[in-house]
$ cat start.txt   # compact mmCIF, C-alpha atoms
# COMPACT_ATOMS: atom_id res chain seq x y z
CA GLN L 1 -1.55 -34.31 -48.54
CA VAL L 2 -0.63 -30.64 -48.16
CA PRO L 3 0.29 -30.15 -44.52
CA LEU L 4 -0.57 -26.42 -44.45
CA VAL L 5 -3.82 -24.91 -45.69
CA GLU L 6 -4.39 -21.15 -45.57
CA SER L 7 -7.75 -19.39 -45.51
CA GLY L 8 -9.17 -15.96 -44.83
CA GLY L 9 -7.82 -13.94 -47.73
CA GLY L 10 -9.98 -11.65 -49.81
CA LEU L 11 -10.66 -8.12 -50.97
CA VAL L 12 -10.83 -5.32 -48.42
CA GLN L 13 -10.73 -1.54 -48.50
CA ALA L 14 -7.79 0.37 -47.13
CA GLY L 15 -8.07 0.70 -43.38
CA GLY L 16 -9.95 -2.56 -43.07
CA SER L 17 -9.03 -5.83 -41.39
CA LEU L 18 -8.65 -9.48 -42.29
CA ARG L 19 -7.66 -12.55 -40.33
CA LEU L 20 -5.72 -15.29 -42.03
CA SER L 21 -5.67 -18.84 -40.70
CA CYS L 22 -3.30 -21.69 -41.44
CA ALA L 23 -4.31 -25.17 -40.42
CA ALA L 24 -1.58 -27.78 -40.14
CA SER L 25 -2.05 -31.50 -40.52
CA GLY L 26 0.30 -34.44 -40.68
CA ILE L 27 3.06 -32.66 -38.78
CA ILE L 28 3.85 -32.34 -35.10
CA PHE L 29 2.72 -28.75 -34.72
CA GLY L 30 4.45 -28.20 -31.39
CA VAL L 31 7.96 -28.64 -32.81
CA HIS L 32 7.43 -26.23 -35.67
CA ALA L 33 8.15 -22.55 -35.73
CA MET L 34 5.40 -20.91 -37.77
CA GLY L 35 5.43 -17.90 -39.99
CA TRP L 36 3.66 -15.83 -42.59
CA TYR L 37 5.35 -14.58 -45.74
CA ARG L 38 3.98 -12.63 -48.67
CA GLN L 39 4.80 -12.10 -52.31
CA ALA L 40 3.53 -9.18 -54.34
CA PRO L 41 3.57 -9.24 -58.16
CA GLY L 42 7.08 -8.70 -59.48
CA LYS L 43 8.62 -8.84 -56.02
CA GLN L 44 10.44 -11.44 -53.97
CA ARG L 45 8.74 -13.33 -51.20
CA GLU L 46 9.27 -11.52 -47.89
CA LEU L 47 8.82 -12.32 -44.24
CA VAL L 48 5.76 -10.83 -42.57
CA ALA L 49 5.81 -12.39 -39.10
CA THR L 50 7.03 -15.46 -37.27
CA ILE L 51 6.25 -17.15 -33.97
CA THR L 52 8.52 -19.72 -32.36
CA THR L 53 7.48 -22.79 -30.45
CA GLY L 54 8.03 -20.76 -27.28
CA GLY L 55 5.93 -17.85 -28.48
CA THR L 56 8.66 -15.40 -29.45
CA LEU L 57 7.36 -13.00 -32.10
CA VAL L 58 9.14 -11.30 -34.97
CA TYR L 59 7.53 -8.79 -37.34
CA ALA L 60 8.63 -7.03 -40.48
CA ASP L 61 8.98 -3.29 -39.89
CA SER L 62 6.30 -2.62 -42.50
CA VAL L 63 3.62 -4.47 -40.51
CA ASN L 64 4.76 -3.96 -36.93
CA GLY L 65 1.94 -2.47 -34.89
CA ARG L 66 -0.71 -3.40 -37.46
CA PHE L 67 -0.44 -7.19 -37.76
CA THR L 68 -0.50 -9.80 -34.99
CA ILE L 69 0.62 -13.41 -35.34
CA SER L 70 -0.60 -16.04 -32.91
CA ARG L 71 -0.78 -19.80 -32.66
CA ASP L 72 -3.21 -22.26 -31.09
CA ASN L 73 -1.31 -25.48 -30.50
CA ALA L 74 -4.49 -27.32 -29.50
CA LYS L 75 -5.97 -26.56 -32.93
CA ASN L 76 -2.73 -26.89 -34.92
CA THR L 77 -3.44 -23.47 -36.33
CA VAL L 78 -1.55 -20.21 -36.75
CA TYR L 79 -3.29 -16.90 -37.33
CA LEU L 80 -2.39 -13.53 -38.77
CA GLN L 81 -4.65 -10.67 -37.69
CA MET L 82 -4.18 -7.79 -40.12
CA ASN L 83 -5.51 -4.36 -39.17
CA SER L 84 -5.22 -0.94 -40.79
CA LEU L 85 -4.54 -2.59 -44.12
CA LYS L 86 -2.86 -0.58 -46.86
CA PRO L 87 -2.81 -1.08 -50.63
CA GLU L 88 0.86 -2.02 -50.35
CA ASP L 89 -0.15 -5.03 -48.26
CA THR L 90 -1.67 -6.56 -51.40
CA ALA L 91 0.06 -9.90 -52.03
CA VAL L 92 -0.28 -13.65 -51.88
CA TYR L 93 0.25 -14.63 -48.26
CA TYR L 94 1.95 -17.95 -47.53
CA CYS L 95 2.04 -19.95 -44.33
CA ASN L 96 5.37 -21.53 -43.39
CA ALA L 97 6.29 -24.18 -40.87
CA LYS L 98 9.85 -25.07 -39.92
CA ASN L 99 10.71 -28.12 -37.86
CA VAL L 100 13.04 -26.82 -35.16
CA LEU L 101 14.75 -30.22 -34.88
CA THR L 102 15.41 -30.91 -38.58
CA ASN L 103 14.93 -27.45 -40.18
CA ALA L 104 12.58 -29.12 -42.67
CA PRO L 105 10.31 -26.43 -44.14
CA TYR L 106 6.72 -26.66 -45.30
CA TRP L 107 4.74 -24.13 -47.32
CA GLY L 108 1.05 -23.64 -47.86
CA GLN L 109 -0.48 -22.94 -51.25
CA GLY L 110 -1.04 -19.25 -50.49
CA THR L 111 -4.06 -17.02 -50.11
CA GLN L 112 -4.63 -13.76 -51.97
CA VAL L 113 -5.06 -10.53 -50.04
CA THR L 114 -6.09 -7.47 -52.04
CA VAL L 115 -6.42 -4.05 -50.45
CA SER L 116 -8.16 -1.40 -52.52
CA SER L 117 -7.50 2.31 -52.10

$ encode --input "start.txt" --output "C-alpha cells"
Amino acid sequence: QVPLVESGGGLVQAGGSLRLSCAASGIIFGVHAMGWYRQAPGKQRELVATITTGGTLVYADSVNGRFTISRDNAKNTVYLQMNSLKPEDTAVYYCNAKNVLTNAPYWGQGTQVTVSS
C-alpha cells in the first residue's frame, strides 16, 4: 500500500490557481514532517515547500508568496495551494513525508501540473 497519494494536479492557464492534496495512510502522520517537491522534464527534483510537525514553514524562493503549504493532522493530509501560477511551475509534484524519529522517507507517485502561457 502506497502511504502517500497526491491529487489535484491538472492543466491551468498562467495566473490561475490549483490546490494539491496528499493523503497519508499507514503512517503516524503526527511524527512526520511533510513536504512538496517537483521535477520538471530534464531537471532534478527540487524542494517546493515543507512543513514540520510543529508547523514551521519553508518555501523555495521561486514560490514564496505564491504557494502555501498546510497540514490537517486530523485528516492525515497536507495541502499545497498554488496561486499566480507561471509556465515555469510546470512539473510533476511529489508529496514527501519524513519520520522525524527515524528519518525514514516516503514519496507519493506524483501528480502532473501543467501551466499554459

$ residues_around --input "start.txt" --residues "Leu4 (chain L)" --least-positions-apart "5" --cutoff "12 Å" --atoms "all atoms listed in the file" --output "list in words"
Ser21, Cys22, Ala23, Ala24, Ser25, Gly26, Ile27, Ile28, Phe29, His32, Met34, Gly35, Trp36, Asn76, Thr77, Val78, Tyr94, Cys95, Asn96, Ala97, Lys98, Pro105, Tyr106, Trp107, Gly108, Gln109, Gly110 and Thr111 of chain L

$ residues_around --input "start.txt" --residues "region 56-65 of chain L" --least-positions-apart "4" --cutoff "12 Å" --atoms "all atoms listed in the file" --output "VMD selection string"
chain L and resid 33 to 38 46 to 52 69 to 71 80 to 86 88 to 89

$ atom_distance --input "start.txt" --atom1 "CA of Val12 (chain L)" --atom2 "CA of Gln112 (chain L)"
11.1 Å

$ atom_distance --input "start.txt" --atom1 "CA of Val115 (chain L)" --atom2 "CA of Val92 (chain L)"
11.5 Å

$ closest_residue --input "start.txt" --among "L:Ser117, L:Ala91, L:Gly9, L:Gly30" --to "Gly42 (chain L)" --atoms "all atoms listed in the file"
L:Ala91

$ decode --input "start.txt" --residues "region 10-46 of chain L" --atoms "N, CA, C and O atoms" --output "PDB file, in the first residue's frame"
ATOM      1  N   GLY L  10      -3.320  19.174 -12.679  1.00  0.00           N
ATOM      2  CA  GLY L  10      -4.093  19.393 -13.892  1.00  0.00           C
ATOM      3  C   GLY L  10      -3.489  20.467 -14.752  1.00  0.00           C
ATOM      4  O   GLY L  10      -2.331  20.865 -14.560  1.00  0.00           O
ATOM      5  N   LEU L  11      -4.275  20.920 -15.714  1.00  0.00           N
ATOM      6  CA  LEU L  11      -3.860  21.959 -16.654  1.00  0.00           C
ATOM      7  C   LEU L  11      -4.549  23.265 -16.278  1.00  0.00           C
ATOM      8  O   LEU L  11      -5.766  23.302 -16.078  1.00  0.00           O
ATOM      9  N   VAL L  12      -3.762  24.334 -16.200  1.00  0.00           N
ATOM     10  CA  VAL L  12      -4.298  25.633 -15.830  1.00  0.00           C
ATOM     11  C   VAL L  12      -3.562  26.712 -16.619  1.00  0.00           C
ATOM     12  O   VAL L  12      -2.396  26.528 -16.988  1.00  0.00           O
ATOM     13  N   GLN L  13      -4.238  27.811 -16.874  1.00  0.00           N
ATOM     14  CA  GLN L  13      -3.595  28.925 -17.561  1.00  0.00           C
ATOM     15  C   GLN L  13      -2.727  29.717 -16.588  1.00  0.00           C
ATOM     16  O   GLN L  13      -2.972  29.719 -15.374  1.00  0.00           O
ATOM     17  N   ALA L  14      -1.749  30.382 -17.140  1.00  0.00           N
ATOM     18  CA  ALA L  14      -0.889  31.236 -16.328  1.00  0.00           C
ATOM     19  C   ALA L  14      -1.737  32.246 -15.563  1.00  0.00           C
ATOM     20  O   ALA L  14      -2.691  32.813 -16.109  1.00  0.00           O
ATOM     21  N   GLY L  15      -1.386  32.436 -14.301  1.00  0.00           N
ATOM     22  CA  GLY L  15      -2.155  33.310 -13.433  1.00  0.00           C
ATOM     23  C   GLY L  15      -3.226  32.592 -12.637  1.00  0.00           C
ATOM     24  O   GLY L  15      -3.813  33.188 -11.716  1.00  0.00           O
ATOM     25  N   GLY L  16      -3.494  31.362 -12.987  1.00  0.00           N
ATOM     26  CA  GLY L  16      -4.526  30.593 -12.316  1.00  0.00           C
ATOM     27  C   GLY L  16      -4.041  29.950 -11.030  1.00  0.00           C
ATOM     28  O   GLY L  16      -2.911  30.163 -10.588  1.00  0.00           O
ATOM     29  N   SER L  17      -4.920  29.150 -10.446  1.00  0.00           N
ATOM     30  CA  SER L  17      -4.636  28.508  -9.161  1.00  0.00           C
ATOM     31  C   SER L  17      -4.979  27.025  -9.211  1.00  0.00           C
ATOM     32  O   SER L  17      -5.856  26.600  -9.977  1.00  0.00           O
ATOM     33  N   LEU L  18      -4.289  26.277  -8.390  1.00  0.00           N
ATOM     34  CA  LEU L  18      -4.589  24.861  -8.156  1.00  0.00           C
ATOM     35  C   LEU L  18      -4.298  24.564  -6.698  1.00  0.00           C
ATOM     36  O   LEU L  18      -3.446  25.214  -6.074  1.00  0.00           O
ATOM     37  N   ARG L  19      -4.991  23.567  -6.161  1.00  0.00           N
ATOM     38  CA  ARG L  19      -4.677  23.086  -4.827  1.00  0.00           C
ATOM     39  C   ARG L  19      -4.388  21.600  -4.894  1.00  0.00           C
ATOM     40  O   ARG L  19      -5.236  20.811  -5.317  1.00  0.00           O
ATOM     41  N   LEU L  20      -3.191  21.246  -4.474  1.00  0.00           N
ATOM     42  CA  LEU L  20      -2.794  19.853  -4.398  1.00  0.00           C
ATOM     43  C   LEU L  20      -3.087  19.305  -3.003  1.00  0.00           C
ATOM     44  O   LEU L  20      -2.946  20.027  -2.011  1.00  0.00           O
ATOM     45  N   SER L  21      -3.460  18.049  -2.961  1.00  0.00           N
ATOM     46  CA  SER L  21      -3.674  17.360  -1.695  1.00  0.00           C
ATOM     47  C   SER L  21      -2.829  16.099  -1.660  1.00  0.00           C
ATOM     48  O   SER L  21      -2.583  15.481  -2.698  1.00  0.00           O
ATOM     49  N   CYS L  22      -2.420  15.726  -0.469  1.00  0.00           N
ATOM     50  CA  CYS L  22      -1.666  14.485  -0.278  1.00  0.00           C
ATOM     51  C   CYS L  22      -2.219  13.793   0.952  1.00  0.00           C
ATOM     52  O   CYS L  22      -2.073  14.301   2.069  1.00  0.00           O
ATOM     53  N   ALA L  23      -2.854  12.676   0.723  1.00  0.00           N
ATOM     54  CA  ALA L  23      -3.452  11.908   1.812  1.00  0.00           C
ATOM     55  C   ALA L  23      -2.506  10.805   2.243  1.00  0.00           C
ATOM     56  O   ALA L  23      -2.024  10.021   1.412  1.00  0.00           O
ATOM     57  N   ALA L  24      -2.257  10.730   3.537  1.00  0.00           N
ATOM     58  CA  ALA L  24      -1.351   9.729   4.082  1.00  0.00           C
ATOM     59  C   ALA L  24      -2.140   8.622   4.754  1.00  0.00           C
ATOM     60  O   ALA L  24      -3.170   8.868   5.382  1.00  0.00           O
ATOM     61  N   SER L  25      -1.645   7.418   4.605  1.00  0.00           N
ATOM     62  CA  SER L  25      -2.264   6.281   5.285  1.00  0.00           C
ATOM     63  C   SER L  25      -1.164   5.305   5.698  1.00  0.00           C
ATOM     64  O   SER L  25      -0.113   5.224   5.064  1.00  0.00           O
ATOM     65  N   GLY L  26      -1.420   4.596   6.778  1.00  0.00           N
ATOM     66  CA  GLY L  26      -0.456   3.600   7.211  1.00  0.00           C
ATOM     67  C   GLY L  26       0.768   4.146   7.907  1.00  0.00           C
ATOM     68  O   GLY L  26       1.702   3.407   8.194  1.00  0.00           O
ATOM     69  N   ILE L  27       0.808   5.452   8.134  1.00  0.00           N
ATOM     70  CA  ILE L  27       1.907   6.049   8.883  1.00  0.00           C
ATOM     71  C   ILE L  27       1.321   6.920   9.981  1.00  0.00           C
ATOM     72  O   ILE L  27       0.165   7.338   9.899  1.00  0.00           O
ATOM     73  N   ILE L  28       2.121   7.180  10.998  1.00  0.00           N
ATOM     74  CA  ILE L  28       1.680   8.067  12.072  1.00  0.00           C
ATOM     75  C   ILE L  28       1.939   9.494  11.606  1.00  0.00           C
ATOM     76  O   ILE L  28       3.058  10.001  11.697  1.00  0.00           O
ATOM     77  N   PHE L  29       0.911  10.135  11.095  1.00  0.00           N
ATOM     78  CA  PHE L  29       1.067  11.421  10.423  1.00  0.00           C
ATOM     79  C   PHE L  29       1.718  12.461  11.324  1.00  0.00           C
ATOM     80  O   PHE L  29       2.540  13.249  10.878  1.00  0.00           O
ATOM     81  N   GLY L  30       1.397  12.421  12.606  1.00  0.00           N
ATOM     82  CA  GLY L  30       1.858  13.464  13.508  1.00  0.00           C
ATOM     83  C   GLY L  30       3.352  13.477  13.774  1.00  0.00           C
ATOM     84  O   GLY L  30       3.870  14.482  14.266  1.00  0.00           O
ATOM     85  N   VAL L  31       4.066  12.410  13.428  1.00  0.00           N
ATOM     86  CA  VAL L  31       5.517  12.389  13.642  1.00  0.00           C
ATOM     87  C   VAL L  31       6.272  12.533  12.328  1.00  0.00           C
ATOM     88  O   VAL L  31       7.459  12.216  12.246  1.00  0.00           O
ATOM     89  N   HIS L  32       5.557  12.981  11.306  1.00  0.00           N
ATOM     90  CA  HIS L  32       6.190  13.155  10.006  1.00  0.00           C
ATOM     91  C   HIS L  32       6.183  14.614   9.587  1.00  0.00           C
ATOM     92  O   HIS L  32       5.130  15.268   9.589  1.00  0.00           O
ATOM     93  N   ALA L  33       7.372  15.106   9.248  1.00  0.00           N
ATOM     94  CA  ALA L  33       7.456  16.373   8.537  1.00  0.00           C
ATOM     95  C   ALA L  33       6.979  16.112   7.112  1.00  0.00           C
ATOM     96  O   ALA L  33       7.284  15.060   6.543  1.00  0.00           O
ATOM     97  N   MET L  34       6.254  17.047   6.548  1.00  0.00           N
ATOM     98  CA  MET L  34       5.677  16.864   5.217  1.00  0.00           C
ATOM     99  C   MET L  34       6.220  17.902   4.255  1.00  0.00           C
ATOM    100  O   MET L  34       6.560  19.025   4.653  1.00  0.00           O
ATOM    101  N   GLY L  35       6.276  17.521   3.006  1.00  0.00           N
ATOM    102  CA  GLY L  35       6.795  18.461   2.029  1.00  0.00           C
ATOM    103  C   GLY L  35       6.294  18.179   0.633  1.00  0.00           C
ATOM    104  O   GLY L  35       5.750  17.112   0.355  1.00  0.00           O
ATOM    105  N   TRP L  36       6.458  19.179  -0.214  1.00  0.00           N
ATOM    106  CA  TRP L  36       6.163  19.063  -1.638  1.00  0.00           C
ATOM    107  C   TRP L  36       7.454  19.339  -2.414  1.00  0.00           C
ATOM    108  O   TRP L  36       8.175  20.306  -2.107  1.00  0.00           O
ATOM    109  N   TYR L  37       7.706  18.501  -3.386  1.00  0.00           N
ATOM    110  CA  TYR L  37       8.841  18.659  -4.281  1.00  0.00           C
ATOM    111  C   TYR L  37       8.295  18.611  -5.707  1.00  0.00           C
ATOM    112  O   TYR L  37       7.172  18.172  -5.934  1.00  0.00           O
ATOM    113  N   ARG L  38       9.098  19.062  -6.652  1.00  0.00           N
ATOM    114  CA  ARG L  38       8.661  18.992  -8.040  1.00  0.00           C
ATOM    115  C   ARG L  38       9.844  18.672  -8.943  1.00  0.00           C
ATOM    116  O   ARG L  38      10.992  18.952  -8.611  1.00  0.00           O
ATOM    117  N   GLN L  39       9.514  18.080 -10.080  1.00  0.00           N
ATOM    118  CA  GLN L  39      10.537  17.735 -11.058  1.00  0.00           C
ATOM    119  C   GLN L  39      10.020  18.056 -12.446  1.00  0.00           C
ATOM    120  O   GLN L  39       9.025  17.473 -12.898  1.00  0.00           O
ATOM    121  N   ALA L  40      10.694  18.984 -13.097  1.00  0.00           N
ATOM    122  CA  ALA L  40      10.358  19.352 -14.464  1.00  0.00           C
ATOM    123  C   ALA L  40      11.168  18.477 -15.420  1.00  0.00           C
ATOM    124  O   ALA L  40      12.219  17.943 -15.040  1.00  0.00           O
ATOM    125  N   PRO L  41      10.712  18.315 -16.651  1.00  0.00           N
ATOM    126  CA  PRO L  41      11.446  17.491 -17.617  1.00  0.00           C
ATOM    127  C   PRO L  41      12.890  17.953 -17.778  1.00  0.00           C
ATOM    128  O   PRO L  41      13.155  19.136 -17.969  1.00  0.00           O
ATOM    129  N   GLY L  42      13.823  17.006 -17.665  1.00  0.00           N
ATOM    130  CA  GLY L  42      15.229  17.314 -17.835  1.00  0.00           C
ATOM    131  C   GLY L  42      15.887  17.998 -16.656  1.00  0.00           C
ATOM    132  O   GLY L  42      17.056  18.386 -16.746  1.00  0.00           O
ATOM    133  N   LYS L  43      15.146  18.148 -15.566  1.00  0.00           N
ATOM    134  CA  LYS L  43      15.701  18.823 -14.389  1.00  0.00           C
ATOM    135  C   LYS L  43      15.669  17.905 -13.185  1.00  0.00           C
ATOM    136  O   LYS L  43      14.936  16.915 -13.160  1.00  0.00           O
ATOM    137  N   GLN L  44      16.460  18.264 -12.178  1.00  0.00           N
ATOM    138  CA  GLN L  44      16.453  17.496 -10.938  1.00  0.00           C
ATOM    139  C   GLN L  44      15.229  17.843 -10.095  1.00  0.00           C
ATOM    140  O   GLN L  44      14.656  18.926 -10.221  1.00  0.00           O
ATOM    141  N   ARG L  45      14.861  16.900  -9.249  1.00  0.00           N
ATOM    142  CA  ARG L  45      13.767  17.160  -8.320  1.00  0.00           C
ATOM    143  C   ARG L  45      14.201  18.255  -7.343  1.00  0.00           C
ATOM    144  O   ARG L  45      15.323  18.240  -6.838  1.00  0.00           O
ATOM    145  N   GLU L  46      13.299  19.199  -7.076  1.00  0.00           N
ATOM    146  CA  GLU L  46      13.626  20.311  -6.194  1.00  0.00           C
ATOM    147  C   GLU L  46      12.558  20.507  -5.139  1.00  0.00           C
ATOM    148  O   GLU L  46      11.387  20.194  -5.351  1.00  0.00           O
TER     149      GLU L  46
END
